[in-house]
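Novice: For reference, this is data.tsv, and it has TSV, N, CA and C atoms.
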```tsv
chain	number	residue	atom	x	y	z
A	1	VAL	N	0.83	-1.19	0.00
A	1	VAL	CA	0.00	0.00	0.00
A	1	VAL	C	0.87	1.25	0.00
A	2	ALA	N	1.91	1.26	0.80
A	2	ALA	CA	2.79	2.44	0.87
A	2	ALA	C	3.45	2.72	-0.48
A	3	ARG	N	3.86	1.67	-1.16
A	3	ARG	CA	4.51	1.84	-2.47
A	3	ARG	C	3.51	2.40	-3.49
A	4	LEU	N	2.29	1.92	-3.48
A	4	LEU	CA	1.26	2.43	-4.38
A	4	LEU	C	0.95	3.89	-4.08
A	5	ARG	N	0.88	4.25	-2.81
A	5	ARG	CA	0.62	5.64	-2.45
A	5	ARG	C	1.75	6.54	-2.94
A	6	ARG	N	2.99	6.13	-2.77
A	6	ARG	CA	4.13	6.91	-3.27
A	6	ARG	C	4.04	7.10	-4.77
A	7	HIS	N	3.72	6.04	-5.47
A	7	HIS	CA	3.59	6.12	-6.93
A	7	HIS	C	2.45	7.07	-7.32
A	8	SER	N	1.34	6.96	-6.64
A	8	SER	CA	0.20	7.85	-6.90
A	8	SER	C	0.60	9.31	-6.69
A	9	LEU	N	1.30	9.59	-5.61
A	9	LEU	CA	1.74	10.96	-5.34
A	9	LEU	C	2.70	11.45	-6.41
A	10	GLU	N	3.60	10.58	-6.86
A	10	GLU	CA	4.54	10.96	-7.92
A	10	GLU	C	3.79	11.33	-9.21
A	11	LEU	N	2.80	10.52	-9.57
A	11	LEU	CA	2.01	10.82	-10.77
A	11	LEU	C	1.26	12.14	-10.61
A	12	GLN	N	0.67	12.35	-9.45
A	12	GLN	CA	-0.05	13.59	-9.20
A	12	GLN	C	0.89	14.80	-9.28
A	13	GLN	N	2.07	14.67	-8.67
A	13	GLN	CA	3.04	15.76	-8.69
A	13	GLN	C	3.49	16.07	-10.11
A	14	ARG	N	3.68	15.02	-10.90
A	14	ARG	CA	4.07	15.21	-12.30
A	14	ARG	C	2.97	15.95	-13.06
A	15	LEU	N	1.72	15.56	-12.84
A	15	LEU	CA	0.61	16.22	-13.53
A	15	LEU	C	0.48	17.67	-13.08
A	16	VAL	N	0.61	17.95	-11.81
A	16	VAL	CA	0.56	19.33	-11.32
A	16	VAL	C	1.66	20.15	-11.98
A	17	ALA	N	2.86	19.59	-12.10
A	17	ALA	CA	3.98	20.29	-12.73
A	17	ALA	C	3.72	20.54	-14.22
A	18	LEU	N	3.20	19.54	-14.91
A	18	LEU	CA	2.90	19.70	-16.34
A	18	LEU	C	1.83	20.77	-16.55
A	19	LEU	N	0.84	20.80	-15.71
A	19	LEU	CA	-0.19	21.83	-15.81
A	19	LEU	C	0.39	23.21	-15.53
A	20	ALA	N	1.25	23.30	-14.51
A	20	ALA	CA	1.88	24.58	-14.17
A	20	ALA	C	2.71	25.10	-15.34
A	21	GLU	N	3.41	24.21	-16.03
A	21	GLU	CA	4.21	24.60	-17.20
A	21	GLU	C	3.32	25.22	-18.28
A	22	ARG	N	2.07	24.87	-18.26
A	22	ARG	CA	1.13	25.36	-19.26
A	22	ARG	C	0.24	26.49	-18.72
A	23	GLY	N	0.61	27.00	-17.55
A	23	GLY	CA	-0.10	28.14	-16.97
A	23	GLY	C	-1.40	27.79	-16.25
A	24	ILE	N	-1.57	26.54	-15.88
A	24	ILE	CA	-2.79	26.11	-15.20
A	24	ILE	C	-2.45	25.77	-13.75
A	25	ALA	N	-3.09	26.47	-12.83
A	25	ALA	CA	-2.88	26.22	-11.40
A	25	ALA	C	-3.67	24.99	-10.99
A	26	ALA	N	-2.99	24.04	-10.39
A	26	ALA	CA	-3.63	22.81	-9.93
A	26	ALA	C	-3.14	22.49	-8.53
A	27	GLN	N	-3.95	21.73	-7.83
A	27	GLN	CA	-3.59	21.28	-6.49
A	27	GLN	C	-3.61	19.76	-6.47
A	28	GLY	N	-2.73	19.18	-5.68
A	28	GLY	CA	-2.66	17.74	-5.54
A	28	GLY	C	-1.23	17.29	-5.39
A	29	GLY	N	-1.07	16.02	-5.13
A	29	GLY	CA	0.26	15.45	-5.03
A	29	GLY	C	0.95	15.69	-3.70
A	30	THR	N	0.17	16.03	-2.68
A	30	THR	CA	0.73	16.21	-1.35
A	30	THR	C	0.13	15.17	-0.42
A	31	THR	N	0.82	14.85	0.65
A	31	THR	CA	0.38	13.77	1.53
A	31	THR	C	-0.92	14.08	2.26
A	32	ASP	N	-1.31	15.34	2.32
A	32	ASP	CA	-2.55	15.69	3.01
A	32	ASP	C	-3.76	15.67	2.08
A	33	ARG	N	-3.58	15.21	0.86
A	33	ARG	CA	-4.67	15.18	-0.12
A	33	ARG	C	-4.90	13.73	-0.56
A	34	GLY	N	-6.02	13.51	-1.22
A	34	GLY	CA	-6.36	12.18	-1.72
A	34	GLY	C	-5.71	11.89	-3.05
A	35	ALA	N	-6.44	11.20	-3.89
A	35	ALA	CA	-5.89	10.72	-5.16
A	35	ALA	C	-6.13	11.67	-6.32
A	36	PHE	N	-6.78	12.81	-6.08
A	36	PHE	CA	-7.15	13.72	-7.14
A	36	PHE	C	-6.17	14.87	-7.31
A	37	VAL	N	-6.02	15.29	-8.55
A	37	VAL	CA	-5.45	16.60	-8.88
A	37	VAL	C	-6.66	17.44	-9.27
A	38	VAL	N	-6.77	18.61	-8.68
A	38	VAL	CA	-7.95	19.44	-8.95
A	38	VAL	C	-7.54	20.79	-9.54
A	39	VAL	N	-8.40	21.26	-10.44
A	39	VAL	CA	-8.24	22.57	-11.08
A	39	VAL	C	-9.57	23.29	-10.89
A	40	ARG	N	-9.49	24.49	-10.38
A	40	ARG	CA	-10.71	25.27	-10.13
A	40	ARG	C	-11.07	26.09	-11.36
A	41	HIS	N	-12.34	25.97	-11.76
A	41	HIS	CA	-12.85	26.76	-12.88
A	41	HIS	C	-14.36	26.88	-12.74
A	42	CYS	N	-14.88	28.03	-13.09
A	42	CYS	CA	-16.32	28.27	-12.92
A	42	CYS	C	-17.18	27.32	-13.74
A	43	ASP	N	-16.65	26.76	-14.81
A	43	ASP	CA	-17.40	25.82	-15.64
A	43	ASP	C	-16.62	24.52	-15.80
A	44	ALA	N	-16.30	23.91	-14.67
A	44	ALA	CA	-15.52	22.68	-14.67
A	44	ALA	C	-16.21	21.56	-15.44
A	45	ARG	N	-17.54	21.54	-15.41
A	45	ARG	CA	-18.28	20.49	-16.15
A	45	ARG	C	-18.01	20.61	-17.65
A	46	ALA	N	-17.99	21.82	-18.18
A	46	ALA	CA	-17.71	22.00	-19.61
A	46	ALA	C	-16.30	21.52	-19.94
A	47	TRP	N	-15.35	21.82	-19.07
A	47	TRP	CA	-13.98	21.34	-19.29
A	47	TRP	C	-13.94	19.82	-19.25
A	48	SER	N	-14.63	19.22	-18.30
A	48	SER	CA	-14.66	17.76	-18.20
A	48	SER	C	-15.27	17.15	-19.45
A	49	ASP	N	-16.35	17.74	-19.94
A	49	ASP	CA	-16.98	17.24	-21.16
A	49	ASP	C	-16.05	17.37	-22.37
A	50	ALA	N	-15.35	18.50	-22.46
A	50	ALA	CA	-14.41	18.72	-23.57
A	50	ALA	C	-13.25	17.72	-23.52
A	51	LEU	N	-12.78	17.42	-22.33
A	51	LEU	CA	-11.72	16.41	-22.19
A	51	LEU	C	-12.24	15.03	-22.55
A	52	ALA	N	-13.47	14.72	-22.14
A	52	ALA	CA	-14.08	13.42	-22.48
A	52	ALA	C	-14.17	13.25	-23.99
A	53	ALA	N	-14.47	14.33	-24.70
A	53	ALA	CA	-14.54	14.27	-26.16
A	53	ALA	C	-13.18	13.93	-26.77
A	54	ARG	N	-12.12	14.18	-26.01
A	54	ARG	CA	-10.76	13.84	-26.46
A	54	ARG	C	-10.29	12.50	-25.88
A	55	GLY	N	-11.17	11.79	-25.21
A	55	GLY	CA	-10.83	10.49	-24.65
A	55	GLY	C	-10.15	10.54	-23.30
A	56	ILE	N	-10.24	11.67	-22.62
A	56	ILE	CA	-9.60	11.83	-21.32
A	56	ILE	C	-10.68	11.84	-20.25
A	57	VAL	N	-10.63	10.87	-19.36
A	57	VAL	CA	-11.65	10.71	-18.33
A	57	VAL	C	-11.33	11.60	-17.13
A	58	THR	N	-12.29	12.46	-16.78
A	58	THR	CA	-12.18	13.33	-15.62
A	58	THR	C	-13.54	13.36	-14.94
A	59	ASP	N	-13.64	14.17	-13.92
A	59	ASP	CA	-14.89	14.36	-13.20
A	59	ASP	C	-14.96	15.82	-12.81
A	60	ALA	N	-16.15	16.34	-12.68
A	60	ALA	CA	-16.33	17.71	-12.21
A	60	ALA	C	-17.30	17.71	-11.05
A	61	ARG	N	-16.91	18.41	-10.00
A	61	ARG	CA	-17.75	18.60	-8.83
A	61	ARG	C	-17.81	20.09	-8.56
A	62	GLY	N	-18.93	20.69	-8.85
A	62	GLY	CA	-19.04	22.13	-8.68
A	62	GLY	C	-18.03	22.83	-9.58
A	63	GLU	N	-17.20	23.66	-8.97
A	63	GLU	CA	-16.20	24.39	-9.75
A	63	GLU	C	-14.85	23.67	-9.80
A	64	TRP	N	-14.82	22.42	-9.43
A	64	TRP	CA	-13.56	21.66	-9.39
A	64	TRP	C	-13.53	20.58	-10.47
A	65	LEU	N	-12.55	20.67	-11.34
A	65	LEU	CA	-12.25	19.62	-12.30
A	65	LEU	C	-11.31	18.65	-11.60
A	66	ARG	N	-11.65	17.37	-11.61
A	66	ARG	CA	-10.83	16.38	-10.91
A	66	ARG	C	-10.19	15.43	-11.91
A	67	LEU	N	-8.88	15.31	-11.83
A	67	LEU	CA	-8.12	14.38	-12.67
A	67	LEU	C	-7.46	13.38	-11.72
A	68	THR	N	-7.53	12.11	-12.06
A	68	THR	CA	-7.01	11.09	-11.17
A	68	THR	C	-6.13	10.11	-11.93
A	69	PRO	N	-4.83	10.36	-11.97
A	69	PRO	CA	-3.96	9.38	-12.60
A	69	PRO	C	-3.98	8.08	-11.78
A	70	ASP	N	-4.04	6.94	-12.46
A	70	ASP	CA	-4.02	5.69	-11.72
A	70	ASP	C	-2.68	4.99	-11.89
A	71	VAL	N	-2.57	3.85	-11.30
A	71	VAL	CA	-1.29	3.15	-11.25
A	71	VAL	C	-0.73	2.82	-12.64
A	72	LEU	N	-1.59	2.72	-13.64
A	72	LEU	CA	-1.14	2.38	-14.98
A	72	LEU	C	-1.00	3.59	-15.91
A	73	THR	N	-1.28	4.79	-15.43
A	73	THR	CA	-1.18	5.99	-16.24
A	73	THR	C	0.27	6.23	-16.65
A	74	THR	N	0.49	6.45	-17.94
A	74	THR	CA	1.84	6.68	-18.45
A	74	THR	C	2.16	8.18	-18.45
A	75	ASP	N	3.43	8.49	-18.57
A	75	ASP	CA	3.84	9.89	-18.65
A	75	ASP	C	3.27	10.53	-19.91
A	76	ALA	N	3.21	9.77	-20.99
A	76	ALA	CA	2.63	10.30	-22.23
A	76	ALA	C	1.16	10.68	-22.03
A	77	GLU	N	0.44	9.90	-21.24
A	77	GLU	CA	-0.96	10.22	-20.95
A	77	GLU	C	-1.08	11.46	-20.09
A	78	LEU	N	-0.17	11.63	-19.14
A	78	LEU	CA	-0.17	12.85	-18.33
A	78	LEU	C	0.10	14.06	-19.21
A	79	GLU	N	1.08	13.94	-20.10
A	79	GLU	CA	1.40	15.02	-21.04
A	79	GLU	C	0.20	15.35	-21.91
A	80	ALA	N	-0.46	14.32	-22.42
A	80	ALA	CA	-1.62	14.53	-23.29
A	80	ALA	C	-2.75	15.23	-22.54
A	81	ALA	N	-2.99	14.83	-21.31
A	81	ALA	CA	-4.05	15.47	-20.52
A	81	ALA	C	-3.73	16.94	-20.26
A	82	ALA	N	-2.49	17.22	-19.90
A	82	ALA	CA	-2.08	18.61	-19.63
A	82	ALA	C	-2.18	19.45	-20.90
A	83	THR	N	-1.74	18.91	-22.01
A	83	THR	CA	-1.80	19.64	-23.28
A	83	THR	C	-3.26	19.89	-23.70
A	84	ALA	N	-4.10	18.88	-23.55
A	84	ALA	CA	-5.51	19.03	-23.92
A	84	ALA	C	-6.19	20.06	-23.03
A	85	LEU	N	-5.92	20.01	-21.73
A	85	LEU	CA	-6.56	20.98	-20.84
A	85	LEU	C	-6.08	22.39	-21.14
A	86	ALA	N	-4.82	22.54	-21.46
A	86	ALA	CA	-4.31	23.88	-21.82
A	86	ALA	C	-5.01	24.39	-23.07
A	87	ALA	N	-5.24	23.53	-24.04
A	87	ALA	CA	-5.93	23.93	-25.27
A	87	ALA	C	-7.37	24.36	-24.96
A	88	ILE	N	-8.02	23.60	-24.11
A	88	ILE	CA	-9.41	23.90	-23.74
A	88	ILE	C	-9.47	25.21	-22.94
A	89	ALA	N	-8.55	25.36	-22.03
A	89	ALA	CA	-8.52	26.57	-21.19
A	89	ALA	C	-8.25	27.81	-22.02
A	90	GLY	N	-7.48	27.66	-23.08
A	90	GLY	CA	-7.14	28.80	-23.93
A	90	GLY	C	-8.21	29.11	-24.97
A	91	ALA	N	-9.15	28.20	-25.12
A	91	ALA	CA	-10.20	28.38	-26.15
A	91	ALA	C	-11.22	29.41	-25.73
```
Can you give me the file's structure in the form of structure tokens?
Specialist:
Amino acid sequence: VARLRRHSLELQQRLVALLAERGIAAQGGTTDRGAFVVVRHCDARAWSDALAARGIVTDARGEWLRLTPDVLTTDAELEAAATALAAIAGA
């Protein structure tokens, strides 16, 4: 369990960093948080739907877009998610 949690945190930290590189503020990847990386936006549902149209599974709760890398998520998938969200955010 400890090894899986470390891996999950590493994936979350990588996604937060990739989003930051693209000008998107995200939270997650810290020991006091769960498995989600979250991005705050007034229309998080629209962003989630736009990502789903690109084959990227997310969830929206209120103004929070939730991204959850799992144990099998590759770095290429993290890159693709960050790039897609940046495109959507800039649209």
Novice: Run DSSP on the backbone of this structure and report the residues of chain A it assigns to helix (DSSP H, G or I), as an mmCIF file with N, CA and C atoms, in the coordinates of the input.
Specialist:
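To be explicit, this is the file written out as states_17.cif:
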```
data_model
loop_
_atom_site.group_PDB
_atom_site.id
_atom_site.type_symbol
_atom_site.label_atom_id
_atom_site.label_comp_id
_atom_site.auth_asym_id
_atom_site.auth_seq_id
_atom_site.Cartn_x
_atom_site.Cartn_y
_atom_site.Cartn_z
ATOM 1 N N ALA A 2 1.910 1.260 0.800
ATOM 2 C CA ALA A 2 2.790 2.440 0.870
ATOM 3 C C ALA A 2 3.450 2.720 -0.480
ATOM 4 N N ARG A 3 3.860 1.670 -1.160
ATOM 5 C CA ARG A 3 4.510 1.840 -2.470
ATOM 6 C C ARG A 3 3.510 2.400 -3.490
ATOM 7 N N LEU A 4 2.290 1.920 -3.480
ATOM 8 C CA LEU A 4 1.260 2.430 -4.380
ATOM 9 C C LEU A 4 0.950 3.890 -4.080
ATOM 10 N N ARG A 5 0.880 4.250 -2.810
ATOM 11 C CA ARG A 5 0.620 5.640 -2.450
ATOM 12 C C ARG A 5 1.750 6.540 -2.940
ATOM 13 N N ARG A 6 2.990 6.130 -2.770
ATOM 14 C CA ARG A 6 4.130 6.910 -3.270
ATOM 15 C C ARG A 6 4.040 7.100 -4.770
ATOM 16 N N HIS A 7 3.720 6.040 -5.470
ATOM 17 C CA HIS A 7 3.590 6.120 -6.930
ATOM 18 C C HIS A 7 2.450 7.070 -7.320
ATOM 19 N N SER A 8 1.340 6.960 -6.640
ATOM 20 C CA SER A 8 0.200 7.850 -6.900
ATOM 21 C C SER A 8 0.600 9.310 -6.690
ATOM 22 N N LEU A 9 1.300 9.590 -5.610
ATOM 23 C CA LEU A 9 1.740 10.960 -5.340
ATOM 24 C C LEU A 9 2.700 11.450 -6.410
ATOM 25 N N GLU A 10 3.600 10.580 -6.860
ATOM 26 C CA GLU A 10 4.540 10.960 -7.920
ATOM 27 C C GLU A 10 3.790 11.330 -9.210
ATOM 28 N N LEU A 11 2.800 10.520 -9.570
ATOM 29 C CA LEU A 11 2.010 10.820 -10.770
ATOM 30 C C LEU A 11 1.260 12.140 -10.610
ATOM 31 N N GLN A 12 0.670 12.350 -9.450
ATOM 32 C CA GLN A 12 -0.050 13.590 -9.200
ATOM 33 C C GLN A 12 0.890 14.800 -9.280
ATOM 34 N N GLN A 13 2.070 14.670 -8.670
ATOM 35 C CA GLN A 13 3.040 15.760 -8.690
ATOM 36 C C GLN A 13 3.490 16.070 -10.110
ATOM 37 N N ARG A 14 3.680 15.020 -10.900
ATOM 38 C CA ARG A 14 4.070 15.210 -12.300
ATOM 39 C C ARG A 14 2.970 15.950 -13.060
ATOM 40 N N LEU A 15 1.720 15.560 -12.840
ATOM 41 C CA LEU A 15 0.610 16.220 -13.530
ATOM 42 C C LEU A 15 0.480 17.670 -13.080
ATOM 43 N N VAL A 16 0.610 17.950 -11.810
ATOM 44 C CA VAL A 16 0.560 19.330 -11.320
ATOM 45 C C VAL A 16 1.660 20.150 -11.980
ATOM 46 N N ALA A 17 2.860 19.590 -12.100
ATOM 47 C CA ALA A 17 3.980 20.290 -12.730
ATOM 48 C C ALA A 17 3.720 20.540 -14.220
ATOM 49 N N LEU A 18 3.200 19.540 -14.910
ATOM 50 C CA LEU A 18 2.900 19.700 -16.340
ATOM 51 C C LEU A 18 1.830 20.770 -16.550
ATOM 52 N N LEU A 19 0.840 20.800 -15.710
ATOM 53 C CA LEU A 19 -0.190 21.830 -15.810
ATOM 54 C C LEU A 19 0.390 23.210 -15.530
ATOM 55 N N ALA A 20 1.250 23.300 -14.510
ATOM 56 C CA ALA A 20 1.880 24.580 -14.170
ATOM 57 C C ALA A 20 2.710 25.100 -15.340
ATOM 58 N N GLU A 21 3.410 24.210 -16.030
ATOM 59 C CA GLU A 21 4.210 24.600 -17.200
ATOM 60 C C GLU A 21 3.320 25.220 -18.280
ATOM 61 N N ALA A 44 -16.300 23.910 -14.670
ATOM 62 C CA ALA A 44 -15.520 22.680 -14.670
ATOM 63 C C ALA A 44 -16.210 21.560 -15.440
ATOM 64 N N ARG A 45 -17.540 21.540 -15.410
ATOM 65 C CA ARG A 45 -18.280 20.490 -16.150
ATOM 66 C C ARG A 45 -18.010 20.610 -17.650
ATOM 67 N N ALA A 46 -17.990 21.820 -18.180
ATOM 68 C CA ALA A 46 -17.710 22.000 -19.610
ATOM 69 C C ALA A 46 -16.300 21.520 -19.940
ATOM 70 N N TRP A 47 -15.350 21.820 -19.070
ATOM 71 C CA TRP A 47 -13.980 21.340 -19.290
ATOM 72 C C TRP A 47 -13.940 19.820 -19.250
ATOM 73 N N SER A 48 -14.630 19.220 -18.300
ATOM 74 C CA SER A 48 -14.660 17.760 -18.200
ATOM 75 C C SER A 48 -15.270 17.150 -19.450
ATOM 76 N N ASP A 49 -16.350 17.740 -19.940
ATOM 77 C CA ASP A 49 -16.980 17.240 -21.160
ATOM 78 C C ASP A 49 -16.050 17.370 -22.370
ATOM 79 N N ALA A 50 -15.350 18.500 -22.460
ATOM 80 C CA ALA A 50 -14.410 18.720 -23.570
ATOM 81 C C ALA A 50 -13.250 17.720 -23.520
ATOM 82 N N LEU A 51 -12.780 17.420 -22.330
ATOM 83 C CA LEU A 51 -11.720 16.410 -22.190
ATOM 84 C C LEU A 51 -12.240 15.030 -22.550
ATOM 85 N N ALA A 52 -13.470 14.720 -22.140
ATOM 86 C CA ALA A 52 -14.080 13.420 -22.480
ATOM 87 C C ALA A 52 -14.170 13.250 -23.990
ATOM 88 N N ALA A 53 -14.470 14.330 -24.700
ATOM 89 C CA ALA A 53 -14.540 14.270 -26.160
ATOM 90 C C ALA A 53 -13.180 13.930 -26.770
ATOM 91 N N ASP A 75 3.430 8.490 -18.570
ATOM 92 C CA ASP A 75 3.840 9.890 -18.650
ATOM 93 C C ASP A 75 3.270 10.530 -19.910
ATOM 94 N N ALA A 76 3.210 9.770 -20.990
ATOM 95 C CA ALA A 76 2.630 10.300 -22.230
ATOM 96 C C ALA A 76 1.160 10.680 -22.030
ATOM 97 N N GLU A 77 0.440 9.900 -21.240
ATOM 98 C CA GLU A 77 -0.960 10.220 -20.950
ATOM 99 C C GLU A 77 -1.080 11.460 -20.090
ATOM 100 N N LEU A 78 -0.170 11.630 -19.140
ATOM 101 C CA LEU A 78 -0.170 12.850 -18.330
ATOM 102 C C LEU A 78 0.100 14.060 -19.210
ATOM 103 N N GLU A 79 1.080 13.940 -20.100
ATOM 104 C CA GLU A 79 1.400 15.020 -21.040
ATOM 105 C C GLU A 79 0.200 15.350 -21.910
ATOM 106 N N ALA A 80 -0.460 14.320 -22.420
ATOM 107 C CA ALA A 80 -1.620 14.530 -23.290
ATOM 108 C C ALA A 80 -2.750 15.230 -22.540
ATOM 109 N N ALA A 81 -2.990 14.830 -21.310
ATOM 110 C CA ALA A 81 -4.050 15.470 -20.520
ATOM 111 C C ALA A 81 -3.730 16.940 -20.260
ATOM 112 N N ALA A 82 -2.490 17.220 -19.900
ATOM 113 C CA ALA A 82 -2.080 18.610 -19.630
ATOM 114 C C ALA A 82 -2.180 19.450 -20.900
ATOM 115 N N THR A 83 -1.740 18.910 -22.010
ATOM 116 C CA THR A 83 -1.800 19.640 -23.280
ATOM 117 C C THR A 83 -3.260 19.890 -23.700
ATOM 118 N N ALA A 84 -4.100 18.880 -23.550
ATOM 119 C CA ALA A 84 -5.510 19.030 -23.920
ATOM 120 C C ALA A 84 -6.190 20.060 -23.030
ATOM 121 N N LEU A 85 -5.920 20.010 -21.730
ATOM 122 C CA LEU A 85 -6.560 20.980 -20.840
ATOM 123 C C LEU A 85 -6.080 22.390 -21.140
ATOM 124 N N ALA A 86 -4.820 22.540 -21.460
ATOM 125 C CA ALA A 86 -4.310 23.880 -21.820
ATOM 126 C C ALA A 86 -5.010 24.390 -23.070
ATOM 127 N N ALA A 87 -5.240 23.530 -24.040
ATOM 128 C CA ALA A 87 -5.930 23.930 -25.270
ATOM 129 C C ALA A 87 -7.370 24.360 -24.960
ATOM 130 N N ILE A 88 -8.020 23.600 -24.110
ATOM 131 C CA ILE A 88 -9.410 23.900 -23.740
ATOM 132 C C ILE A 88 -9.470 25.210 -22.940
ATOM 133 N N ALA A 89 -8.550 25.360 -22.030
ATOM 134 C CA ALA A 89 -8.520 26.570 -21.190
ATOM 135 C C ALA A 89 -8.250 27.810 -22.020
ATOM 136 N N GLY A 90 -7.480 27.660 -23.080
ATOM 137 C CA GLY A 90 -7.140 28.800 -23.930
ATOM 138 C C GLY A 90 -8.210 29.110 -24.970
#
```
Novice: So that I can check the surroundings of stretch 26-33 of chain A, please list as JSON, numbers by chain every protein, DNA and RNA residue that reaches within 6.5 Å of it, counting all atoms listed in the file and ignoring chain neighbours fewer than 4 positions away.
Specialist: {"A": [8, 9, 10, 12, 13, 16, 19, 20, 37, 38, 39, 40]}
Novice: Let me make sure I understand: among A:Arg14, A:His7, A:Arg66, A:Arg45, which one has the smallest atom-to-atom distance to A:Leu78 if we use only C-alpha atoms?
Specialist: A:Arg14
Novice: At what distance in Å, to one decimal, does atom N of A:Ala80 lie from atom C of A:Ala50?
Specialist: 13.3 Å
Novice: Calculate how many Å separate atom CA of A:Leu15 from atom N of A:His41, rounding to one decimal.
Specialist: 16.3 Å
